[in-house]
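Structure file data_5.txt (compact mmCIF, C-alpha atoms) is printed below.
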```
# COMPACT_ATOMS: atom_id res chain seq x y z
CA MET A 10 0.00 0.00 0.00
CA ASN A 11 1.26 3.49 -0.84
CA THR A 12 1.41 5.10 2.59
CA PHE A 13 2.64 8.38 1.11
CA GLY A 14 -0.37 8.68 -1.13
CA ILE A 15 -2.95 7.70 1.48
CA SER A 16 -1.91 8.64 4.98
CA VAL A 17 -0.75 12.20 4.40
CA LEU A 18 -4.04 13.21 2.87
CA LEU A 19 -5.01 13.75 6.50
CA LEU A 20 -4.06 16.46 8.97
CA ALA A 21 -3.14 15.75 12.55
CA PHE A 22 -4.80 17.51 15.44
CA ASN A 23 -5.14 16.56 19.11
CA GLY A 24 -4.49 12.89 18.47
CA TYR A 25 -6.87 12.57 15.53
CA CYS A 26 -6.55 12.70 11.75
CA LEU A 27 -8.63 15.39 10.08
CA GLN A 28 -9.40 15.93 6.40
CA ASN A 29 -8.98 19.69 6.40
CA ILE A 30 -7.06 22.29 8.39
CA ASN A 31 -10.29 24.29 8.68
CA SER A 32 -11.69 21.49 10.86
CA CYS A 33 -9.22 22.41 13.59
CA PRO A 34 -10.75 24.64 16.27
CA PRO A 35 -9.23 28.08 16.88
CA LEU A 36 -6.53 28.52 19.46
CA PRO A 37 -7.31 30.14 22.79
CA LYS A 38 -5.83 33.58 23.09
CA ARG A 39 -2.44 33.75 24.80
CA ASP A 40 -2.14 35.58 28.08
CA SER A 41 1.41 36.68 27.36
CA LYS A 42 4.01 36.78 24.62
CA PRO A 43 6.34 33.79 24.15
CA ALA A 44 9.14 33.74 26.69
CA ASN A 45 11.61 32.60 24.02
CA ILE A 46 11.88 30.49 20.86
CA HIS A 47 10.99 27.33 22.80
CA ASP A 48 7.65 28.81 23.89
CA VAL A 49 6.39 29.71 20.40
CA ARG A 50 2.94 28.62 19.26
CA ILE A 51 1.90 28.37 15.64
CA ASP A 52 -0.08 31.62 15.87
CA ASP A 53 3.03 33.42 17.14
CA ILE A 54 4.66 32.98 13.73
CA LYS A 55 4.50 36.32 11.91
CA VAL A 56 6.77 35.55 8.94
CA VAL A 57 7.22 32.47 6.75
CA ALA A 58 10.16 32.04 4.38
CA ALA A 59 12.02 29.36 2.47
CA ILE A 60 15.30 28.57 0.77
CA GLY A 61 15.90 25.66 -1.56
CA ASP A 62 15.70 24.51 -5.17
CA SER A 63 13.11 23.98 -7.91
CA ILE A 64 10.89 21.83 -5.70
CA THR A 65 10.34 24.68 -3.26
CA ALA A 66 10.07 27.08 -6.21
CA GLY A 67 7.21 24.95 -7.54
CA PHE A 68 8.71 24.33 -10.97
CA ALA A 69 6.28 22.52 -13.31
CA ALA A 70 3.93 21.76 -10.40
CA LYS A 71 0.77 22.30 -12.46
CA GLY A 72 1.93 20.10 -15.31
CA SER A 73 2.09 20.62 -19.05
CA ARG A 74 0.23 23.57 -20.59
CA GLY A 75 0.65 22.14 -24.08
CA PRO A 76 3.61 20.86 -26.11
CA LEU A 77 4.81 24.30 -27.18
CA SER A 78 3.71 26.41 -24.23
CA LEU A 79 6.31 28.68 -22.66
CA LYS A 80 4.49 28.17 -19.38
CA ASN A 81 5.99 24.69 -19.21
CA LEU A 82 9.08 26.53 -18.00
CA PHE A 83 7.25 28.37 -15.23
CA GLU A 84 7.58 28.03 -11.48
CA GLN A 85 4.16 27.85 -9.83
CA ARG A 86 5.30 29.40 -6.57
CA GLY A 87 1.76 30.05 -5.38
CA VAL A 88 1.20 26.30 -4.89
CA SER A 89 4.66 25.37 -3.58
CA TRP A 90 4.45 22.75 -0.82
CA SER A 91 6.12 25.00 1.75
CA MET A 92 5.41 28.55 0.59
CA GLY A 93 2.35 28.59 -1.65
CA SER A 94 -0.07 31.33 -0.65
CA ASP A 95 -2.54 31.23 -3.51
CA ALA A 96 -6.12 30.96 -2.28
CA GLY A 97 -6.85 27.33 -1.51
CA ALA A 98 -3.26 26.15 -1.90
CA VAL A 99 -2.37 23.22 0.34
CA SER A 100 0.91 24.42 1.83
CA VAL A 101 2.73 24.93 5.08
CA ALA A 102 2.43 28.70 4.61
CA ASN A 103 -1.35 28.51 4.31
CA PHE A 104 -1.58 26.14 7.28
CA VAL A 105 0.22 28.75 9.38
CA LYS A 106 -2.14 31.38 7.97
CA ASN A 107 -5.06 29.38 9.33
CA TYR A 108 -3.85 30.28 12.82
CA ASN A 109 -2.43 33.72 12.09
CA PRO A 110 -4.27 35.39 9.18
CA ASN A 111 -1.71 38.20 9.24
CA VAL A 112 1.34 36.02 8.55
CA ILE A 113 3.40 37.33 5.63
CA GLY A 114 6.00 35.90 3.28
CA GLY A 115 4.20 33.20 1.30
CA SER A 116 4.67 33.26 -2.48
CA VAL A 117 1.85 33.71 -5.01
CA GLY A 118 1.21 33.18 -8.70
CA GLU A 119 3.76 31.94 -11.21
CA HIS A 120 6.59 33.23 -13.38
CA PHE A 121 9.31 32.11 -15.73
CA VAL A 122 11.89 29.83 -14.15
CA ASN A 123 14.52 31.49 -11.93
CA ILE A 124 17.64 29.53 -12.88
CA CYS A 125 20.59 29.10 -10.55
CA TYR A 126 22.96 26.19 -11.08
CA GLY A 127 26.24 26.44 -9.21
CA PRO A 128 28.10 29.43 -10.71
CA LEU A 129 25.40 29.91 -13.38
CA CYS A 130 23.08 32.28 -11.54
CA PRO A 131 22.04 35.24 -13.71
CA PRO A 132 20.98 38.29 -11.67
CA PHE A 133 17.60 40.06 -11.59
CA GLN A 134 15.49 36.90 -11.90
CA TYR A 135 13.53 37.24 -8.67
CA LYS A 136 10.03 38.70 -8.83
CA PRO A 137 9.63 40.13 -5.30
CA ASP A 138 5.92 40.88 -5.70
CA LEU A 139 5.29 37.17 -6.39
CA ASP A 140 8.18 35.43 -4.66
CA ARG A 141 7.91 37.46 -1.46
CA PHE A 142 10.07 35.46 0.99
CA ASN A 143 10.39 32.33 -1.14
CA ALA A 144 14.08 32.60 -2.04
CA ALA A 145 14.32 29.15 -3.68
CA ARG A 146 15.78 28.96 -7.20
CA SER A 147 15.45 26.19 -9.76
CA GLY A 148 18.64 24.20 -10.17
CA ALA A 149 20.09 25.41 -6.88
CA LEU A 150 22.82 23.42 -5.17
CA ALA A 151 23.62 23.60 -1.48
CA ALA A 152 26.44 25.97 -2.41
CA ASN A 153 23.86 28.45 -3.75
CA LEU A 154 22.01 28.76 -0.44
CA PRO A 155 24.21 31.53 1.02
CA ASP A 156 23.20 33.81 -1.86
CA GLU A 157 19.55 32.88 -1.36
CA VAL A 158 19.86 33.81 2.32
CA ASP A 159 21.46 37.14 1.39
CA TRP A 160 18.51 37.95 -0.87
CA LEU A 161 16.06 36.86 1.80
CA ILE A 162 17.68 39.06 4.45
CA LYS A 163 17.47 42.09 2.16
CA GLN A 164 13.81 41.46 1.39
CA MET A 165 12.91 41.11 5.05
CA LYS A 166 14.82 44.19 6.13
CA LYS A 167 13.20 46.43 3.56
CA ASN A 168 9.67 45.16 4.18
CA PRO A 169 7.86 47.64 6.48
CA ASN A 170 5.59 44.86 7.77
CA VAL A 171 8.47 42.86 9.24
CA ASP A 172 9.76 43.67 12.71
CA MET A 173 13.15 42.00 12.38
CA ALA A 174 13.95 42.23 16.06
CA ASN A 175 10.67 40.97 17.49
CA ASP A 176 8.68 38.92 14.94
CA TYR A 177 8.97 35.14 15.17
CA LYS A 178 9.84 33.59 11.81
CA LEU A 179 9.62 30.10 10.30
CA VAL A 180 12.10 29.24 7.52
CA ASN A 181 11.66 25.99 5.61
CA LEU A 182 14.85 24.56 4.11
CA PHE A 183 15.00 21.70 1.61
CA ILE A 184 18.11 21.20 -0.55
CA GLY A 185 20.32 18.46 -1.93
CA SER A 186 18.53 16.86 -4.88
CA ASN A 187 20.68 18.61 -7.48
CA ASP A 188 23.84 17.89 -5.52
CA VAL A 189 22.96 14.20 -5.43
CA CYS A 190 22.17 14.27 -9.15
CA LEU A 191 25.77 15.30 -9.85
CA GLY A 192 27.45 13.52 -6.96
CA CYS A 193 28.11 10.25 -8.78
CA GLN A 194 30.80 11.84 -10.95
CA PRO A 195 34.32 10.82 -9.80
CA PHE A 196 35.78 14.29 -9.18
CA PHE A 197 32.56 15.91 -7.95
CA LYS A 198 31.65 13.26 -5.40
CA ASP A 199 34.97 13.64 -3.58
CA PHE A 200 35.74 17.34 -3.84
CA VAL A 201 32.49 19.20 -4.55
CA PHE A 202 29.44 17.24 -3.38
CA GLY A 203 30.87 15.07 -0.62
CA GLY A 204 29.48 14.89 2.90
CA ASP A 205 32.14 17.23 4.30
CA GLN A 206 31.43 19.92 1.72
CA PHE A 207 27.67 19.61 2.27
CA GLU A 208 28.01 19.82 6.05
CA ASP A 209 30.31 22.84 5.91
CA THR A 210 27.91 24.67 3.61
CA MET A 211 24.86 23.88 5.72
CA ARG A 212 26.57 25.09 8.87
CA ASP A 213 27.54 28.33 7.13
CA VAL A 214 23.95 28.82 5.97
CA LEU A 215 22.53 28.24 9.44
CA PHE A 216 25.04 30.58 11.05
CA LYS A 217 24.18 33.27 8.51
CA LEU A 218 20.49 32.88 9.33
CA GLN A 219 21.21 32.93 13.06
CA TRP A 220 23.34 36.06 12.91
CA ASN A 221 21.09 38.06 10.58
CA ILE A 222 17.50 37.00 11.27
CA PRO A 223 16.55 37.10 14.97
CA LYS A 224 13.89 34.82 16.43
CA VAL A 225 13.91 32.26 13.64
CA ILE A 226 12.93 28.59 13.54
CA VAL A 227 14.63 26.69 10.70
CA ASN A 228 12.71 23.59 9.65
CA ILE A 229 15.23 21.47 7.71
CA HIS A 230 13.92 18.61 5.61
CA GLN A 231 16.03 15.53 5.01
CA GLN A 232 16.72 14.31 1.49
CA PHE A 233 14.86 11.56 -0.35
CA ASP A 234 16.38 9.01 -2.74
CA VAL A 235 16.10 10.79 -6.10
CA SER A 236 17.49 7.77 -7.96
CA GLN A 237 14.16 5.96 -7.55
CA LEU A 238 12.69 8.16 -10.27
CA TYR A 239 14.54 6.01 -12.79
CA ASP A 240 12.54 2.90 -11.89
CA LEU A 241 9.26 4.83 -11.80
CA THR A 242 9.66 6.47 -15.22
CA ARG A 243 11.93 4.17 -17.25
CA TRP A 244 9.14 2.49 -19.28
CA GLU A 245 6.83 5.49 -19.64
CA PRO A 246 6.65 6.47 -23.35
CA LYS A 247 6.57 10.22 -22.70
CA CYS A 248 9.50 9.98 -20.30
CA ILE A 249 11.48 7.95 -22.82
CA ALA A 250 10.87 10.68 -25.38
CA ILE A 251 11.92 13.40 -22.94
CA ARG A 252 15.15 11.57 -22.12
CA ALA A 253 15.81 11.05 -25.84
CA LEU A 254 15.78 14.84 -26.17
CA SER A 255 18.51 14.96 -23.49
CA LEU A 256 16.23 16.55 -20.93
CA GLY A 257 17.31 13.71 -18.65
CA LEU A 258 20.55 15.60 -18.18
CA GLN A 259 18.82 17.43 -15.31
CA CYS A 260 19.79 14.36 -13.26
CA SER A 261 22.46 12.56 -15.23
CA CYS A 262 23.38 10.21 -12.39
CA ALA A 263 19.82 8.89 -12.13
CA PHE A 264 19.07 8.44 -15.80
CA ALA A 265 22.42 7.30 -17.16
CA PRO A 266 22.14 4.11 -19.28
CA PHE A 267 23.42 1.08 -17.42
CA GLY A 268 23.75 3.34 -14.42
CA ASP A 269 22.93 1.00 -11.52
CA LYS A 270 26.25 1.79 -9.83
CA LYS A 271 25.67 5.52 -10.20
CA ARG A 272 22.18 5.21 -8.74
CA ARG A 273 23.56 3.30 -5.75
CA GLU A 274 26.07 6.10 -5.23
CA MET A 275 23.23 8.63 -5.33
CA LYS A 276 21.34 6.72 -2.66
CA GLU A 277 24.44 6.51 -0.47
CA LEU A 278 25.16 10.21 -0.89
CA ALA A 279 21.60 11.19 0.09
CA ALA A 280 21.89 9.00 3.19
CA GLU A 281 25.21 10.66 4.03
CA TYR A 282 23.64 14.12 3.69
CA ASN A 283 20.88 13.05 6.06
CA ARG A 284 23.40 11.82 8.62
CA ARG A 285 25.22 15.13 8.41
CA LEU A 286 21.97 17.04 8.98
CA GLU A 287 21.29 14.98 12.10
CA LYS A 288 24.77 15.81 13.37
CA ILE A 289 24.30 19.51 12.64
CA GLN A 290 20.95 19.65 14.41
CA LYS A 291 22.34 18.02 17.54
CA ASP A 292 25.11 20.61 17.66
CA PHE A 293 22.68 23.53 17.35
CA LEU A 294 20.38 22.07 19.97
CA ALA A 295 23.30 21.76 22.36
CA ASP A 296 23.84 25.51 21.99
CA LYS A 297 20.42 26.12 23.69
CA ASN A 298 19.89 29.46 21.99
CA ASP A 299 16.71 31.30 23.05
CA ASN A 300 16.36 33.07 19.69
CA PHE A 301 17.29 30.36 17.19
CA MET A 302 15.97 26.84 16.69
CA VAL A 303 16.90 24.12 14.19
CA LEU A 304 14.30 21.40 13.64
CA LEU A 305 14.95 18.27 11.60
CA ASN A 306 12.05 17.00 9.52
CA PRO A 307 12.35 13.50 7.96
CA SER A 308 9.06 13.77 6.05
CA PHE A 309 10.57 12.89 2.67
CA ARG A 310 13.55 10.78 3.73
CA ASP A 311 12.05 7.29 3.47
CA VAL A 312 9.45 7.81 0.77
CA ASN A 313 9.25 4.85 -1.63
CA ILE A 314 8.93 6.53 -5.00
CA LYS A 315 8.91 3.14 -6.74
CA GLN A 316 5.39 2.60 -5.37
CA TRP A 317 4.03 5.79 -6.92
CA ASP A 318 2.15 6.13 -10.17
CA MET A 319 2.81 8.86 -12.71
CA SER A 320 0.20 11.19 -11.21
CA TYR A 321 2.78 12.09 -8.57
CA ILE A 322 5.25 13.38 -11.16
CA SER A 323 4.96 16.43 -13.40
CA ASP A 324 4.33 15.49 -17.02
CA VAL A 325 6.49 18.43 -18.08
CA ASP A 326 9.75 16.60 -17.42
CA CYS A 327 9.01 13.28 -15.63
CA PHE A 328 11.16 14.55 -12.78
CA HIS A 329 9.61 17.27 -10.66
CA PRO A 330 6.72 16.68 -8.23
CA SER A 331 3.19 17.29 -9.45
CA LEU A 332 0.66 19.45 -7.63
CA LYS A 333 -0.66 16.30 -5.97
CA THR A 334 2.77 15.58 -4.51
CA HIS A 335 3.27 19.19 -3.41
CA GLU A 336 0.07 18.92 -1.39
CA LEU A 337 1.13 15.63 0.18
CA MET A 338 4.55 17.06 1.02
CA ALA A 339 2.89 20.03 2.72
CA VAL A 340 0.68 17.90 4.92
CA SER A 341 3.51 15.51 5.80
CA SER A 342 5.86 18.33 6.74
CA TRP A 343 3.16 20.00 8.83
CA ASN A 344 2.13 16.86 10.70
CA ASN A 345 5.70 15.94 11.52
CA LEU A 346 6.12 19.19 13.42
CA PHE A 347 3.73 17.95 16.08
CA VAL A 348 5.07 14.54 17.01
CA PRO A 349 8.33 13.39 18.63
CA PHE A 350 11.16 12.90 16.16
CA GLU A 351 11.15 9.12 16.49
CA GLN A 352 7.48 9.05 15.43
CA ARG A 353 7.93 11.28 12.41
CA SER A 354 7.50 9.58 9.05
CA MET A 355 5.67 9.76 5.74
CA SER A 356 2.73 7.87 7.31
CA ASN A 357 2.27 10.50 9.95
CA CYS A 358 -1.39 10.04 10.78
CA ARG A 359 -0.83 6.66 12.33
CA PHE A 360 -0.76 8.11 15.85
CA LYS A 361 -4.54 8.33 16.42
CA ASN A 362 -4.16 7.09 20.00
CA SER A 363 -1.11 9.13 20.95
CA SER A 364 -1.33 11.62 23.78
CA ILE A 365 -2.54 15.16 23.28
CA ASP A 366 0.77 16.46 24.61
CA ASN A 367 2.64 14.72 21.79
CA ILE A 368 0.47 16.42 19.19
CA ASN A 369 0.55 19.82 20.83
CA ARG A 370 4.29 20.26 20.79
CA ILE A 371 7.01 20.35 18.18
CA HIS A 372 9.59 17.94 19.54
CA VAL A 373 13.29 18.11 18.74
CA LEU A 374 15.78 15.31 18.44
CA ASP A 375 17.41 13.82 21.55
CA GLN A 376 16.61 16.77 23.79
CA GLY A 377 14.09 17.59 26.50
CA LEU A 378 13.20 20.77 24.64
CA SER A 379 10.13 21.38 22.55
CA LEU A 380 8.89 24.19 20.37
CA VAL A 381 5.44 24.68 21.85
CA PHE A 382 2.68 25.11 19.29
CA GLN A 383 -0.08 24.61 21.87
CA PHE A 384 -3.30 23.92 20.00
```

Before anything else, please render the file you have as structure tokens.
Amino acid sequence: MNTFGISVLLLAFNGYCLQNINSCPPLPKRDSKPANIHDVRIDDIKVVAAIGDSITAGFAAKGSRGPLSLKNLFEQRGVSWSMGSDAGAVSVANFVKNYNPNVIGGSVGEHFVNICYGPLCPPFQYKPDLDRFNAARSGALAANLPDEVDWLIKQMKKNPNVDMANDYKLVNLFIGSNDVCLGCQPFFKDFVFGGDQFEDTMRDVLFKLQWNIPKVIVNIHQQFDVSQLYDLTRWEPKCIAIRALSLGLQCSCAFAPFGDKKRREMKELAAEYNRRLEKIQKDFLADKNDNFMVLLNPSFRDVNIKQWDMSYISDVDCFHPSLKTHELMAVSSWNNLFVPFEQRSMSNCRFKNSSIDNINRIHVLDQGLSLVFQF
């Protein structure tokens, strides 16, 4: 049974699984402001933001607009799993908005792809009126995140509706797919996309966020095994045609002919990235900072893409997630904020009998701390 496709259609609340975020009752009004970052409720979040790659940018999420349509190269940022703020979009940003209607930062609408691929990052591609605080760029590698953070900081500082010193902020971070897609190459895997390089970059990114954006919660998502897309799409006629046109170069390690060894290396590299993220989070938790929190979200880590059907994948390129998958990602990420780390998974509505306390708090790995979103 496809647990990804079934279980995360539901939203978790007070130990039950609900079909819609609007079914959740309103929160009681707080008597006082949060004492620190560990006392923050969901309705205390005033700003949402994100950094990442084409998945967070929503590239091709709505599928093909026709064989010759330029819109096939658009990012549908308004329906992005983490940042979409179009009316009715199923996204983390809109879930937060359910509890604080005044939250800002979510992206809307769509526009031509914002390309950034290692050193190939042309300037002036952002559309601030649409992107808002969604700094993700299609093609981005982990090494591109510092520039995304720089842009995000500038946008926040010049926005009159953001109180940088006092507003609590939630930043979703998901990166690594493009790194893994290049990491099977002999030189790259050792000197560019190895675990050490990834860890160093992620630490730099988190320190930059910590030093420049006060009162921020960073929700880091672990990597999934991108190589599984080969098995899902290899016999699909449209995907075969796309690869014949060399569009498969977007992940050469996954779609290389006779590439079983390369795909194994991709899987191993993704697992290594995930181990490094666990190590990083433990270090930041040990710091016990009252104004900065790093959460680790394994929502996508163990997903079995081989069990999907093609409705989960965009028919633009047989690679990016469809709108259906964006919605499932949003619900999974959201639900995993409200259970202890060891209970987080893709099938995150399985805890119908768990205690209310476990649902009402965001738990962090291996610590007695919790980010309180008291429902």

Nearest to Ser186 of chain A, chosen from A:Leu241, A:Val99, A:Met319, A:Ile64, with all atoms listed in the file counted in the distances: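 Smallest separation from Ser186 of chain A among the options: A:Ile64.
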
Quick one: of A:Pro169, A:Gly148, A:Pro307, A:Gly203, who's nearest to Gly127 of chain A, counting all atoms listed in the file? A:Gly148

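In terms of minimum interatomic distance to Phe301 of chain A, A:Val227 ranks closest within A:Ala66, A:Met165, A:Val227, A:Ala96, counting only C-alpha atoms.
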
Within 9 Å of Gln164 of chain A, counting only C-alpha atoms, which residues show up once you throw out same-chain ones fewer than 4 positions away? Write them as a list of chain:residue names, please. A:Pro137, A:Arg141, A:Phe142, A:Asp159, A:Trp160, A:Asn168

For Lys315 of chain A, the nearest of the candidates A:Asp269, A:Asp53, A:Asp296, A:Asp240, counting only C-alpha atoms: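 Answer, going by the shortest atom-to-atom distance: A:Asp240.
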
So how far away is atom CA of Arg50 of chain A from atom CA of Gly115 of chain A, in Å? 18.6 Å

Taking all atoms of segment 334-341 of chain A that the file lists and extending 6 Å past them on each side, where is the centre of the axis-aligned box and how long are its edges? Answer in Å to one decimal, as lines of an AutoDock Vina configuration file.
```
center_x = 2.3
center_y = 17.8
center_z = 0.6
size_x = 16.5
size_y = 16.5
size_z = 22.3
```

So that I can check the surroundings of Lys178 of chain A, please list as a PyMOL selection string every protein, DNA and RNA residue that reaches within 12 Å of it, counting all atoms listed in the file and ignoring chain neighbours fewer than 5 positions away. chain A and resi 46+49-59+102+105+112-115+142+165+171-173+218-219+222-228+300-302
